[in-house]
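Pasting run.cif here (mmCIF, N, CA and C atoms):
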```cif
data_my_file
loop_
_atom_site.label_atom_id
_atom_site.label_comp_id
_atom_site.auth_asym_id
_atom_site.auth_seq_id
_atom_site.Cartn_x
_atom_site.Cartn_y
_atom_site.Cartn_z
N MET A 8 165.98 8.90 109.88
CA MET A 8 164.92 8.20 110.58
C MET A 8 163.65 8.29 109.72
N HIS A 9 162.99 7.16 109.49
CA HIS A 9 161.74 7.13 108.73
C HIS A 9 160.57 7.36 109.68
N LEU A 10 159.65 8.23 109.26
CA LEU A 10 158.51 8.59 110.10
C LEU A 10 157.21 8.34 109.38
N LEU A 11 156.18 8.03 110.14
CA LEU A 11 154.81 7.94 109.64
C LEU A 11 154.09 9.18 110.14
N TYR A 12 153.54 9.96 109.21
CA TYR A 12 152.79 11.17 109.57
C TYR A 12 151.31 10.83 109.57
N ILE A 13 150.63 11.13 110.68
CA ILE A 13 149.22 10.79 110.83
C ILE A 13 148.46 12.04 111.22
N GLY A 14 147.30 12.23 110.59
CA GLY A 14 146.41 13.32 110.97
C GLY A 14 146.42 14.47 110.00
N GLU A 15 145.60 15.46 110.33
CA GLU A 15 145.48 16.66 109.51
C GLU A 15 146.69 17.56 109.71
N THR A 16 146.84 18.54 108.86
CA THR A 16 147.99 19.43 108.89
C THR A 16 148.21 20.05 110.27
N GLU A 17 147.15 20.58 110.87
CA GLU A 17 147.29 21.27 112.16
C GLU A 17 147.56 20.30 113.31
N HIS A 18 147.04 19.08 113.23
CA HIS A 18 147.13 18.11 114.32
C HIS A 18 148.00 16.91 113.94
N LYS A 19 148.96 17.13 113.07
CA LYS A 19 149.77 16.03 112.56
C LYS A 19 150.66 15.45 113.66
N LYS A 20 150.66 14.13 113.76
CA LYS A 20 151.52 13.40 114.70
C LYS A 20 152.51 12.59 113.89
N THR A 21 153.67 12.36 114.46
CA THR A 21 154.66 11.53 113.80
C THR A 21 154.98 10.33 114.69
N ILE A 22 155.15 9.19 114.03
CA ILE A 22 155.55 7.97 114.74
C ILE A 22 156.75 7.40 113.97
N PRO A 23 157.88 7.23 114.62
CA PRO A 23 159.00 6.59 113.94
C PRO A 23 158.62 5.17 113.51
N ILE A 24 158.95 4.82 112.30
CA ILE A 24 158.62 3.50 111.75
C ILE A 24 159.15 2.38 112.66
N LYS A 25 160.32 2.58 113.22
CA LYS A 25 160.91 1.55 114.09
C LYS A 25 160.07 1.32 115.35
N ASP A 26 159.24 2.31 115.73
CA ASP A 26 158.41 2.18 116.94
C ASP A 26 157.06 1.52 116.68
N ILE A 27 156.75 1.24 115.41
CA ILE A 27 155.49 0.55 115.08
C ILE A 27 155.73 -0.95 115.19
N HIS A 28 154.99 -1.59 116.10
CA HIS A 28 155.12 -3.04 116.27
C HIS A 28 154.37 -3.76 115.16
N PHE A 29 153.13 -3.34 114.90
CA PHE A 29 152.33 -3.93 113.82
C PHE A 29 151.13 -3.03 113.54
N TYR A 30 150.47 -3.37 112.44
CA TYR A 30 149.18 -2.75 112.12
C TYR A 30 148.28 -3.84 111.55
N ALA A 31 146.98 -3.63 111.66
CA ALA A 31 146.00 -4.60 111.16
C ALA A 31 144.70 -3.86 110.85
N ILE A 32 143.80 -4.56 110.21
CA ILE A 32 142.48 -4.00 109.92
C ILE A 32 141.42 -4.96 110.47
N LYS A 33 140.41 -4.41 111.11
CA LYS A 33 139.32 -5.20 111.69
C LYS A 33 138.00 -4.56 111.28
N GLY A 34 136.95 -5.37 111.19
CA GLY A 34 135.63 -4.85 110.88
C GLY A 34 135.14 -5.32 109.53
N ASP A 35 133.96 -4.83 109.14
CA ASP A 35 133.30 -5.28 107.92
C ASP A 35 133.04 -4.15 106.95
N LEU A 36 132.94 -4.53 105.71
CA LEU A 36 132.51 -3.65 104.64
C LEU A 36 131.17 -4.20 104.18
N LYS A 37 130.08 -3.44 104.39
CA LYS A 37 128.73 -3.92 104.10
C LYS A 37 128.12 -3.15 102.94
N GLN A 38 127.12 -3.79 102.33
CA GLN A 38 126.33 -3.12 101.29
C GLN A 38 124.86 -3.24 101.63
N GLU A 39 124.13 -2.14 101.46
CA GLU A 39 122.69 -2.10 101.71
C GLU A 39 121.99 -1.54 100.48
N MET A 40 120.77 -2.00 100.30
CA MET A 40 119.93 -1.42 99.26
C MET A 40 119.24 -0.20 99.84
N GLU A 41 119.23 0.88 99.09
CA GLU A 41 118.65 2.13 99.57
C GLU A 41 117.69 2.65 98.49
N ASP A 42 116.45 2.96 98.88
CA ASP A 42 115.48 3.50 97.93
C ASP A 42 115.82 4.95 97.63
N ARG A 43 115.85 5.29 96.33
CA ARG A 43 116.13 6.67 95.94
C ARG A 43 114.87 7.50 95.86
N ASN A 44 113.73 6.88 95.70
CA ASN A 44 112.46 7.63 95.73
C ASN A 44 111.38 6.69 96.26
N LYS A 45 110.33 7.27 96.80
CA LYS A 45 109.28 6.42 97.37
C LYS A 45 108.11 6.33 96.40
N PRO A 46 107.36 5.25 96.45
CA PRO A 46 106.22 5.08 95.55
C PRO A 46 105.19 6.19 95.78
N LYS A 47 104.50 6.51 94.71
CA LYS A 47 103.45 7.54 94.78
C LYS A 47 102.18 6.94 95.39
N SER A 48 101.33 7.79 95.89
CA SER A 48 100.06 7.34 96.46
C SER A 48 99.11 6.90 95.34
N ASN A 49 98.03 6.22 95.71
CA ASN A 49 97.03 5.77 94.72
C ASN A 49 96.43 6.96 93.98
N ILE A 50 96.17 8.04 94.68
CA ILE A 50 95.58 9.22 94.03
C ILE A 50 96.54 9.79 93.00
N ASP A 51 97.83 9.90 93.37
CA ASP A 51 98.83 10.40 92.43
C ASP A 51 98.94 9.49 91.21
N THR A 52 98.88 8.16 91.44
CA THR A 52 98.97 7.20 90.35
C THR A 52 97.77 7.33 89.42
N MET A 53 96.56 7.46 89.98
CA MET A 53 95.36 7.60 89.15
C MET A 53 95.41 8.89 88.34
N MET A 54 95.87 9.98 88.95
CA MET A 54 95.96 11.25 88.23
C MET A 54 96.97 11.15 87.09
N ALA A 55 98.11 10.53 87.35
CA ALA A 55 99.12 10.38 86.31
C ALA A 55 98.61 9.49 85.19
N GLU A 56 97.86 8.43 85.55
CA GLU A 56 97.30 7.52 84.55
C GLU A 56 96.30 8.25 83.66
N ASN A 57 95.45 9.07 84.25
CA ASN A 57 94.46 9.82 83.48
C ASN A 57 95.13 10.83 82.56
N LEU A 58 96.17 11.48 83.05
CA LEU A 58 96.83 12.51 82.26
C LEU A 58 97.82 11.94 81.25
N LEU A 59 98.59 10.93 81.66
CA LEU A 59 99.71 10.48 80.84
C LEU A 59 99.58 9.06 80.31
N GLY A 60 98.64 8.29 80.83
CA GLY A 60 98.48 6.91 80.39
C GLY A 60 99.05 5.93 81.41
N THR A 61 98.69 4.65 81.25
CA THR A 61 99.06 3.62 82.21
C THR A 61 100.57 3.41 82.30
N ALA A 62 101.24 3.35 81.17
CA ALA A 62 102.70 3.10 81.17
C ALA A 62 103.43 4.21 81.91
N ALA A 63 103.05 5.46 81.70
CA ALA A 63 103.70 6.58 82.39
C ALA A 63 103.44 6.52 83.89
N ALA A 64 102.22 6.14 84.28
CA ALA A 64 101.89 6.04 85.71
C ALA A 64 102.71 4.94 86.37
N MET A 65 102.87 3.81 85.66
CA MET A 65 103.65 2.70 86.22
C MET A 65 105.12 3.11 86.35
N LYS A 66 105.65 3.80 85.35
CA LYS A 66 107.03 4.26 85.41
C LYS A 66 107.22 5.24 86.56
N GLN A 67 106.25 6.12 86.77
CA GLN A 67 106.33 7.10 87.84
C GLN A 67 106.33 6.42 89.21
N ASN A 68 105.68 5.27 89.29
CA ASN A 68 105.51 4.57 90.56
C ASN A 68 106.67 3.60 90.87
N GLN A 69 107.65 3.48 89.98
CA GLN A 69 108.76 2.56 90.20
C GLN A 69 109.63 3.05 91.36
N VAL A 70 110.15 2.08 92.10
CA VAL A 70 111.08 2.40 93.18
C VAL A 70 112.49 2.13 92.66
N LEU A 71 113.30 3.17 92.62
CA LEU A 71 114.68 3.02 92.18
C LEU A 71 115.54 2.72 93.40
N GLN A 72 116.44 1.75 93.24
CA GLN A 72 117.28 1.38 94.38
C GLN A 72 118.74 1.67 94.07
N ASN A 73 119.43 2.03 95.10
CA ASN A 73 120.83 2.35 95.04
C ASN A 73 121.56 1.40 96.00
N ILE A 74 122.75 0.97 95.66
CA ILE A 74 123.54 0.17 96.59
C ILE A 74 124.43 1.11 97.38
N LYS A 75 124.27 1.07 98.70
CA LYS A 75 125.02 1.95 99.61
C LYS A 75 126.08 1.10 100.31
N THR A 76 127.33 1.54 100.28
CA THR A 76 128.42 0.83 100.93
C THR A 76 128.68 1.45 102.30
N ILE A 77 128.74 0.61 103.32
CA ILE A 77 129.00 1.05 104.68
C ILE A 77 130.33 0.44 105.13
N ASP A 78 131.30 1.30 105.39
CA ASP A 78 132.63 0.85 105.79
C ASP A 78 132.75 0.93 107.31
N GLU A 79 132.72 -0.22 107.98
CA GLU A 79 132.85 -0.27 109.44
C GLU A 79 134.24 -0.74 109.85
N ARG A 80 135.19 -0.72 108.90
CA ARG A 80 136.53 -1.18 109.20
C ARG A 80 137.32 -0.13 109.99
N LYS A 81 138.22 -0.61 110.82
CA LYS A 81 139.12 0.24 111.58
C LYS A 81 140.54 -0.28 111.42
N VAL A 82 141.47 0.64 111.27
CA VAL A 82 142.89 0.29 111.22
C VAL A 82 143.43 0.41 112.64
N ILE A 83 144.16 -0.60 113.07
CA ILE A 83 144.75 -0.61 114.41
C ILE A 83 146.27 -0.59 114.24
N ILE A 84 146.89 0.35 114.90
CA ILE A 84 148.35 0.41 114.92
C ILE A 84 148.79 0.24 116.36
N LYS A 85 149.71 -0.69 116.59
CA LYS A 85 150.32 -0.82 117.92
C LYS A 85 151.73 -0.26 117.80
N ALA A 86 152.01 0.75 118.61
CA ALA A 86 153.31 1.41 118.53
C ALA A 86 153.78 1.81 119.93
N MET A 87 155.07 2.05 120.04
CA MET A 87 155.66 2.55 121.27
C MET A 87 155.61 4.08 121.19
N ILE A 88 154.79 4.68 122.05
CA ILE A 88 154.66 6.14 122.07
C ILE A 88 154.92 6.59 123.50
N GLY A 89 155.93 7.40 123.67
CA GLY A 89 156.28 7.88 125.01
C GLY A 89 156.62 6.76 125.97
N ASN A 90 157.41 5.79 125.52
CA ASN A 90 157.81 4.63 126.34
C ASN A 90 156.63 3.79 126.81
N LYS A 91 155.53 3.82 126.06
CA LYS A 91 154.35 3.04 126.44
C LYS A 91 153.78 2.39 125.18
N ASN A 92 153.47 1.08 125.27
CA ASN A 92 152.81 0.41 124.15
C ASN A 92 151.40 0.97 124.02
N THR A 93 151.07 1.45 122.83
CA THR A 93 149.80 2.14 122.61
C THR A 93 149.11 1.58 121.38
N TYR A 94 147.78 1.42 121.46
CA TYR A 94 146.97 1.07 120.30
C TYR A 94 146.31 2.34 119.78
N ILE A 95 146.42 2.56 118.48
CA ILE A 95 145.80 3.72 117.85
C ILE A 95 144.80 3.20 116.82
N PHE A 96 143.57 3.75 116.83
CA PHE A 96 142.50 3.29 115.93
C PHE A 96 142.15 4.38 114.93
N PHE A 97 141.95 3.99 113.67
CA PHE A 97 141.57 4.91 112.61
C PHE A 97 140.37 4.33 111.86
N GLU A 98 139.45 5.20 111.43
CA GLU A 98 138.26 4.79 110.68
C GLU A 98 138.64 4.50 109.23
N GLY A 99 137.96 3.50 108.62
CA GLY A 99 138.11 3.21 107.20
C GLY A 99 139.40 2.47 106.86
N ALA A 100 139.60 2.25 105.56
CA ALA A 100 140.71 1.42 105.12
C ALA A 100 141.80 2.20 104.38
N GLY A 101 141.65 3.51 104.25
CA GLY A 101 142.63 4.29 103.50
C GLY A 101 144.04 4.16 104.05
N LEU A 102 144.20 4.32 105.34
CA LEU A 102 145.52 4.22 105.96
C LEU A 102 146.07 2.80 105.83
N TYR A 103 145.21 1.81 105.97
CA TYR A 103 145.64 0.40 105.85
C TYR A 103 146.24 0.15 104.46
N ASN A 104 145.58 0.62 103.43
CA ASN A 104 146.09 0.42 102.07
C ASN A 104 147.46 1.08 101.89
N TYR A 105 147.60 2.29 102.45
CA TYR A 105 148.88 2.99 102.38
C TYR A 105 149.97 2.19 103.11
N LEU A 106 149.65 1.74 104.33
CA LEU A 106 150.63 0.98 105.11
C LEU A 106 151.00 -0.34 104.43
N LEU A 107 150.01 -0.98 103.84
CA LEU A 107 150.25 -2.25 103.15
C LEU A 107 151.23 -2.08 101.99
N GLU A 108 151.13 -0.96 101.30
CA GLU A 108 152.06 -0.68 100.19
C GLU A 108 153.45 -0.31 100.69
N ASN A 109 153.52 0.44 101.80
CA ASN A 109 154.79 1.00 102.24
C ASN A 109 155.46 0.28 103.40
N LEU A 110 154.69 -0.52 104.15
CA LEU A 110 155.23 -1.26 105.31
C LEU A 110 154.64 -2.67 105.36
N PRO A 111 154.76 -3.45 104.31
CA PRO A 111 154.10 -4.76 104.30
C PRO A 111 154.62 -5.70 105.38
N GLU A 112 155.85 -5.53 105.79
CA GLU A 112 156.45 -6.44 106.79
C GLU A 112 155.86 -6.28 108.19
N LYS A 113 155.15 -5.19 108.45
CA LYS A 113 154.58 -4.97 109.79
C LYS A 113 153.07 -5.25 109.84
N GLU A 114 152.51 -5.74 108.74
CA GLU A 114 151.08 -6.08 108.70
C GLU A 114 150.85 -7.36 109.47
N GLN A 115 149.80 -7.37 110.27
CA GLN A 115 149.42 -8.57 111.03
C GLN A 115 147.95 -8.85 110.76
N SER A 116 147.66 -10.01 110.20
CA SER A 116 146.29 -10.32 109.79
C SER A 116 145.36 -10.57 110.95
N PHE A 117 145.84 -11.11 112.03
CA PHE A 117 144.98 -11.41 113.17
C PHE A 117 145.50 -10.64 114.38
N VAL A 118 144.58 -9.93 115.05
CA VAL A 118 144.98 -9.15 116.23
C VAL A 118 144.19 -9.62 117.44
N ALA A 119 144.89 -10.06 118.46
CA ALA A 119 144.26 -10.38 119.75
C ALA A 119 144.83 -9.37 120.74
N MET A 120 143.99 -8.47 121.18
CA MET A 120 144.48 -7.41 122.07
C MET A 120 144.44 -7.88 123.52
N ASN A 121 145.52 -7.62 124.23
CA ASN A 121 145.60 -7.94 125.65
C ASN A 121 144.96 -6.81 126.44
N ARG A 122 144.21 -7.18 127.45
CA ARG A 122 143.59 -6.14 128.28
C ARG A 122 144.28 -6.08 129.61
#
```

Will you turn the file into structure tokens for me?
Amino acid sequence: MHLLYIGETEHKKTIPIKDIHFYAIKGDLKQEMEDRNKPKSNIDTMMAENLLGTAAAMKQNQVLQNIKTIDERKVIIKAMIGNKNTYIFFEGAGLYNYLLENLPEKEQSFVAMNR
């Protein structure tokens, strides 16, 4: 019997592959600009200019930006657990990539959940 192991070592759960109806991924992967340092005050800029010169003061006052990636994706697995159809949600795309490589036939691109 083929099993899917989910979770950390202490809390590991197993789901028989035959009991997985499908899996999908929902959500967005976003990118934001993030300032790594804030501009100096006018007094700090004037002091740096007097001590180090205009070019050094301008360099000191530059705002460096970083691109921050925000992963809001969730992996959804629909499986039969304890004779009950169950949806299981996981954060991020790591599990989805693993499932896509190892269980491509159970991937479902569009999920409409019944309530």

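Computed from the coordinates, the atom CA of A:Val82 to atom C of A:Ile24 distance equals 16.5 Å.
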
Between atom C of A:Lys37 and atom CA of A:Asn73, what is the distance in Å, rounded to a tenth? 12.1 Å

Using only C-alpha atoms, which protein or nucleic acid residues come within 9 Å of A:Ala100? Drop anything in the same chain fewer than 4 positions from it, and give the result as a PyMOL selection string. chain A and resi 32+78+80-82+104-105

If the box runs along x, y and z of the file and leaves 4 Å on each side of stretch 88-91 of chain A, what are its centre and edge lengths in Å, one decimal, as AutoDock Vina command-line options?
```
--center_x 155.8 --center_y 5.1 --center_z 124.4 --size_x 12.0 --size_y 13.5 --size_z 12.8
```

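Counting all atoms listed in the file, the residue from A:Ile83, A:Leu102, A:Leu110, A:Ile77 that sits nearest to A:Asp35 is A:Ile77.
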
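Here atom N of A:Lys20 is placed at a distance of 13.0 Å from atom C of A:Ile88.
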
Starting from the displayed file, determine the output of the PyMOL selection byres (((chain A and resi 38-40 and name CA) around 8) and name CA) and express the residue list as a list of chain:residue names. A:Leu36, A:Lys37, A:Glu41, A:Asp42, A:Gln72, A:Asn73, A:Ile74, A:Lys75, A:Thr76, A:Ile77

For A:His9, please output as a compact mmCIF listing (two decimals) with N, CA and C atoms, in the frame of the given file all residues within 6.5 Å (counting only N, CA and C atoms; exclusion window: fewer than 4 positions along the same chain).
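Result went into result-v5.txt, see below:
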```txt
# COMPACT_ATOMS: atom_id res chain seq x y z
N ILE A 22 155.15 9.19 114.03
CA ILE A 22 155.55 7.97 114.74
C ILE A 22 156.75 7.40 113.97
N PRO A 23 157.88 7.23 114.62
CA PRO A 23 159.00 6.59 113.94
C PRO A 23 158.62 5.17 113.51
N ILE A 24 158.95 4.82 112.30
CA ILE A 24 158.62 3.50 111.75
C ILE A 24 159.15 2.38 112.66
N LYS A 25 160.32 2.58 113.22
CA LYS A 25 160.91 1.55 114.09
C LYS A 25 160.07 1.32 115.35
```

Under the rule that only N, CA and C atoms are counted, which of A:Leu11, A:Phe97, A:Gly89, A:Glu112 is the nearest residue to A:Phe29? A:Glu112
